[in-house]
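Enquirer: My questions all concern the structure below.
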Amino acid sequence: MVRAFCPVTCGCATPGADLLVAVPKAGCAAKCQGSDAYTSALRDLPCVEKSAEALQKDLSWIDMSHQFGDMMKASFKDFPSHWETYCSLDGSLKTPDCAELFRTRGCGLVTVWMEKFDQSPCQGNWFGKADNRVSRFMAELCPRQCGCMNGDPIEKLVARGCPGTCKKAETSETPSSNNDVKAVQ
């Protein structure tokens, strides 16, 4: 409820903030991510994608991994088989753990998730219908994995949740995405 009254302080209206579930279902007003201030900040957000190794040490990413785990627990509380399917991904974890999966795979998880489940975390849709957005656009945090480097005009990039600076330059850090993807296939 606090997010509804303090969306800026809580990170609802800030691209790249460490609030993964910055959506109306989690208390953030829909207008936050559609505001002129948000769009302007997204245009200027650095086009940076950290490696999985760097993200494993990043406190914001670690915090978001816990949010991801909580989001998945709430979503699958009545569907234990879904929890196992989604949260073990390839069976490499002894016990399905969505938070650990998110934390250790970094942005590589986005690509594997899209391939395995035909969903678009880049647009905040981890499962369900295309209009069932449950998190912020992962394109803000994972521009390379989300295809933000394809040369689209800035307005098109921003509409997809990509940093507008991706139009101008390559990402400053390249993840070991091939290794991450191979590790989970």
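In the structure tokens, each chain is lettered A, B, ... as it comes, each chain's residues begin at 1, and ligands are numbered from 1 in order of appearance.
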Could you build a table of the residues in segment 47-95 of chain A lying no more than 7 Å from segment 12-24 of chain A, giving for each the nearest pair of atoms and their separation in Å rounded to one decimal place, using only C-alpha atoms, ordered by chain and ascending residue number, as JSON lines?
Expert:
```
{"residue": "A:Ser60", "atom": "CA", "partner": "A:Asp18", "partner_atom": "CA", "distance": 5.1}
{"residue": "A:Trp61", "atom": "CA", "partner": "A:Asp18", "partner_atom": "CA", "distance": 6.9}
{"residue": "A:Met64", "atom": "CA", "partner": "A:Leu20", "partner_atom": "CA", "distance": 5.5}
{"residue": "A:Gln67", "atom": "CA", "partner": "A:Leu20", "partner_atom": "CA", "distance": 6.5}
```
Enquirer: Go ahead and save the picked residues with N, CA, C and O atoms, as a short mmCIF file (atom, residue, chain, number, x, y, z; two decimals), in the first residue's frame.
Expert:
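Produced file result38.cif, reproduced below:
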```cif
data_model
loop_
_atom_site.label_atom_id
_atom_site.label_comp_id
_atom_site.auth_asym_id
_atom_site.auth_seq_id
_atom_site.Cartn_x
_atom_site.Cartn_y
_atom_site.Cartn_z
N SER A 60 21.45 -4.81 -5.60
CA SER A 60 20.13 -4.56 -6.19
C SER A 60 19.60 -5.81 -6.87
O SER A 60 18.42 -6.15 -6.74
N TRP A 61 20.46 -6.52 -7.60
CA TRP A 61 20.05 -7.74 -8.29
C TRP A 61 19.67 -8.82 -7.27
O TRP A 61 18.68 -9.53 -7.44
N MET A 64 16.32 -8.03 -6.00
CA MET A 64 15.30 -8.37 -7.00
C MET A 64 15.11 -9.88 -7.10
O MET A 64 14.01 -10.36 -7.36
N GLN A 67 12.64 -10.77 -4.58
CA GLN A 67 11.31 -10.34 -5.04
C GLN A 67 10.77 -11.32 -6.08
O GLN A 67 9.59 -11.65 -6.08
#
```
Enquirer: For segment 36-128 of chain A against segment 155-165 of chain A, with a cut-off of 9 Å and counting only C-alpha atoms, what is the closest atom pair and its distance in Å to one decimal for every residue that makes the cut, ordered by chain and number, as a Markdown table?
Expert:
```
| residue | atom | partner | partner_atom | distance |
| --- | --- | --- | --- | --- |
| A:Thr39 | CA | A:Val158 | CA | 7.0 |
| A:Ser40 | CA | A:Gly164 | CA | 8.9 |
| A:Ala41 | CA | A:Pro163 | CA | 8.6 |
| A:Leu42 | CA | A:Pro163 | CA | 5.2 |
| A:Arg43 | CA | A:Gly164 | CA | 3.9 |
| A:Asp44 | CA | A:Gly164 | CA | 6.0 |
| A:Leu45 | CA | A:Pro163 | CA | 5.2 |
| A:Pro46 | CA | A:Thr165 | CA | 5.9 |
| A:Cys47 | CA | A:Thr165 | CA | 5.6 |
| A:Val48 | CA | A:Pro163 | CA | 8.7 |
| A:Cys122 | CA | A:Gly161 | CA | 7.6 |
| A:Gln123 | CA | A:Arg160 | CA | 6.8 |
```
Enquirer: For the selection you just gave me, I'd like the residues written to a file as a JSON list (two decimals), in the first residue's frame, keeping N, CA and C atoms.
Expert:
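Generated output (selection-v3.json):
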```json
[["chain", "number", "residue", "atom", "x", "y", "z"],
["A", 39, "THR", "N", 9.45, 8.09, -18.90],
["A", 39, "THR", "CA", 9.89, 7.93, -20.29],
["A", 39, "THR", "C", 11.18, 8.70, -20.54],
["A", 40, "SER", "N", 11.27, 9.90, -20.02],
["A", 40, "SER", "CA", 12.48, 10.70, -20.17],
["A", 40, "SER", "C", 13.67, 10.02, -19.51],
["A", 41, "ALA", "N", 13.46, 9.50, -18.30],
["A", 41, "ALA", "CA", 14.54, 8.81, -17.59],
["A", 41, "ALA", "C", 14.95, 7.53, -18.32],
["A", 42, "LEU", "N", 13.98, 6.83, -18.91],
["A", 42, "LEU", "CA", 14.28, 5.61, -19.67],
["A", 42, "LEU", "C", 15.10, 5.94, -20.92],
["A", 43, "ARG", "N", 14.78, 7.07, -21.54],
["A", 43, "ARG", "CA", 15.57, 7.52, -22.71],
["A", 43, "ARG", "C", 17.04, 7.71, -22.35],
["A", 44, "ASP", "N", 17.30, 8.19, -21.12],
["A", 44, "ASP", "CA", 18.66, 8.50, -20.69],
["A", 44, "ASP", "C", 19.33, 7.38, -19.89],
["A", 45, "LEU", "N", 18.59, 6.31, -19.60],
["A", 45, "LEU", "CA", 19.14, 5.20, -18.82],
["A", 45, "LEU", "C", 20.31, 4.57, -19.58],
["A", 46, "PRO", "N", 21.44, 4.37, -18.91],
["A", 46, "PRO", "CA", 22.59, 3.76, -19.60],
["A", 46, "PRO", "C", 22.25, 2.37, -20.15],
["A", 47, "CYS", "N", 22.76, 2.09, -21.31],
["A", 47, "CYS", "CA", 22.55, 0.81, -21.97],
["A", 47, "CYS", "C", 23.62, -0.16, -21.46],
["A", 48, "VAL", "N", 23.41, -0.66, -20.25],
["A", 48, "VAL", "CA", 24.40, -1.51, -19.59],
["A", 48, "VAL", "C", 23.75, -2.83, -19.21],
["A", 122, "CYS", "N", 11.22, -9.62, -20.98],
["A", 122, "CYS", "CA", 11.68, -8.31, -21.44],
["A", 122, "CYS", "C", 10.56, -7.28, -21.32],
["A", 123, "GLN", "N", 9.32, -7.72, -21.48],
["A", 123, "GLN", "CA", 8.16, -6.85, -21.34],
["A", 123, "GLN", "C", 7.44, -7.08, -20.00]]
```
Enquirer: Counting only C-alpha atoms, which of A:Glu49, A:Asp152, A:Asp78, A:Asp36 gets nearest to Ala139 of chain A?
Expert: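 Among the listed residues, the smallest separation from Ala139 of chain A belongs to A:Glu49.
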Enquirer: For Ser120 of chain A, which of A:Leu59, A:Ala52, A:Cys87, A:Met138 is the closest residue, counting only C-alpha atoms?
Expert: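 Closest candidate: A:Met138.
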Enquirer: Would you give me, as a PyMOL selection string, the residues in segment 97-142 of chain A that DSSP reads as helix (DSSP H, G or I)?
Expert: chain A and resi 98-105+108-117+121-123+138-140
Enquirer: Would you put the residues from that selection into a file with N, CA, C and O atoms, as a tab-separated table (two decimals), in the first residue's frame?
Expert:
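result38.tsv, written as the output of this step:
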```tsv
chain	number	residue	atom	x	y	z
A	98	CYS	N	13.26	-20.29	-7.22
A	98	CYS	CA	13.21	-19.21	-8.22
A	98	CYS	C	14.16	-18.07	-7.88
A	98	CYS	O	14.76	-17.49	-8.78
A	99	ALA	N	14.30	-17.74	-6.62
A	99	ALA	CA	15.19	-16.64	-6.24
A	99	ALA	C	16.63	-16.98	-6.61
A	99	ALA	O	17.35	-16.16	-7.18
A	100	GLU	N	17.05	-18.19	-6.32
A	100	GLU	CA	18.41	-18.62	-6.64
A	100	GLU	C	18.62	-18.68	-8.16
A	100	GLU	O	19.67	-18.30	-8.67
A	101	LEU	N	17.63	-19.15	-8.87
A	101	LEU	CA	17.69	-19.21	-10.33
A	101	LEU	C	17.90	-17.81	-10.91
A	101	LEU	O	18.77	-17.59	-11.74
A	102	PHE	N	17.12	-16.85	-10.45
A	102	PHE	CA	17.22	-15.46	-10.91
A	102	PHE	C	18.59	-14.89	-10.56
A	102	PHE	O	19.27	-14.29	-11.40
A	103	ARG	N	19.01	-15.09	-9.33
A	103	ARG	CA	20.27	-14.52	-8.85
A	103	ARG	C	21.47	-15.07	-9.62
A	103	ARG	O	22.33	-14.32	-10.05
A	104	THR	N	21.52	-16.36	-9.85
A	104	THR	CA	22.71	-16.96	-10.45
A	104	THR	C	22.76	-16.88	-11.96
A	104	THR	O	23.84	-16.83	-12.54
A	105	ARG	N	21.63	-16.88	-12.62
A	105	ARG	CA	21.63	-16.87	-14.08
A	105	ARG	C	21.76	-15.49	-14.67
A	105	ARG	O	22.06	-15.32	-15.84
A	108	GLY	N	21.03	-13.89	-18.53
A	108	GLY	CA	20.91	-15.11	-19.34
A	108	GLY	C	19.60	-15.83	-19.09
A	108	GLY	O	19.09	-16.53	-19.98
A	109	LEU	N	19.04	-15.67	-17.90
A	109	LEU	CA	17.76	-16.30	-17.58
A	109	LEU	C	16.65	-15.80	-18.51
A	109	LEU	O	15.77	-16.56	-18.91
A	110	VAL	N	16.70	-14.54	-18.89
A	110	VAL	CA	15.66	-13.95	-19.74
A	110	VAL	C	15.57	-14.69	-21.07
A	110	VAL	O	14.49	-15.09	-21.50
A	111	THR	N	16.70	-14.92	-21.71
A	111	THR	CA	16.71	-15.60	-23.00
A	111	THR	C	16.23	-17.03	-22.88
A	111	THR	O	15.41	-17.50	-23.67
A	112	VAL	N	16.74	-17.75	-21.89
A	112	VAL	CA	16.34	-19.14	-21.70
A	112	VAL	C	14.85	-19.23	-21.40
A	112	VAL	O	14.14	-20.10	-21.91
A	113	TRP	N	14.35	-18.31	-20.57
A	113	TRP	CA	12.94	-18.29	-20.20
A	113	TRP	C	12.08	-18.08	-21.45
A	113	TRP	O	11.07	-18.76	-21.64
A	114	MET	N	12.49	-17.16	-22.32
A	114	MET	CA	11.73	-16.90	-23.54
A	114	MET	C	11.70	-18.14	-24.43
A	114	MET	O	10.68	-18.48	-25.01
A	115	GLU	N	12.83	-18.82	-24.54
A	115	GLU	CA	12.91	-20.01	-25.39
A	115	GLU	C	12.11	-21.17	-24.81
A	115	GLU	O	11.41	-21.85	-25.53
A	116	LYS	N	12.22	-21.39	-23.51
A	116	LYS	CA	11.57	-22.55	-22.90
A	116	LYS	C	10.07	-22.36	-22.70
A	116	LYS	O	9.29	-23.28	-22.91
A	117	PHE	N	9.65	-21.17	-22.29
A	117	PHE	CA	8.25	-20.96	-21.93
A	117	PHE	C	7.49	-20.06	-22.88
A	117	PHE	O	6.31	-19.79	-22.68
A	121	PRO	N	9.86	-11.93	-20.52
A	121	PRO	CA	10.26	-11.15	-19.35
A	121	PRO	C	10.75	-9.76	-19.74
A	121	PRO	O	10.69	-8.84	-18.94
A	122	CYS	N	11.22	-9.62	-20.98
A	122	CYS	CA	11.68	-8.31	-21.44
A	122	CYS	C	10.56	-7.28	-21.32
A	122	CYS	O	10.81	-6.11	-21.08
A	123	GLN	N	9.32	-7.72	-21.48
A	123	GLN	CA	8.16	-6.85	-21.34
A	123	GLN	C	7.44	-7.08	-20.00
A	123	GLN	O	6.31	-6.66	-19.82
A	138	MET	N	12.19	-6.16	-18.06
A	138	MET	CA	13.56	-6.61	-17.86
A	138	MET	C	14.50	-6.01	-18.91
A	138	MET	O	15.72	-6.01	-18.73
A	139	ALA	N	13.93	-5.46	-19.98
A	139	ALA	CA	14.75	-4.80	-21.01
A	139	ALA	C	15.54	-3.64	-20.42
A	139	ALA	O	16.62	-3.31	-20.90
A	140	GLU	N	15.03	-3.02	-19.36
A	140	GLU	CA	15.74	-1.92	-18.69
A	140	GLU	C	17.08	-2.41	-18.14
A	140	GLU	O	18.07	-1.68	-18.13
```
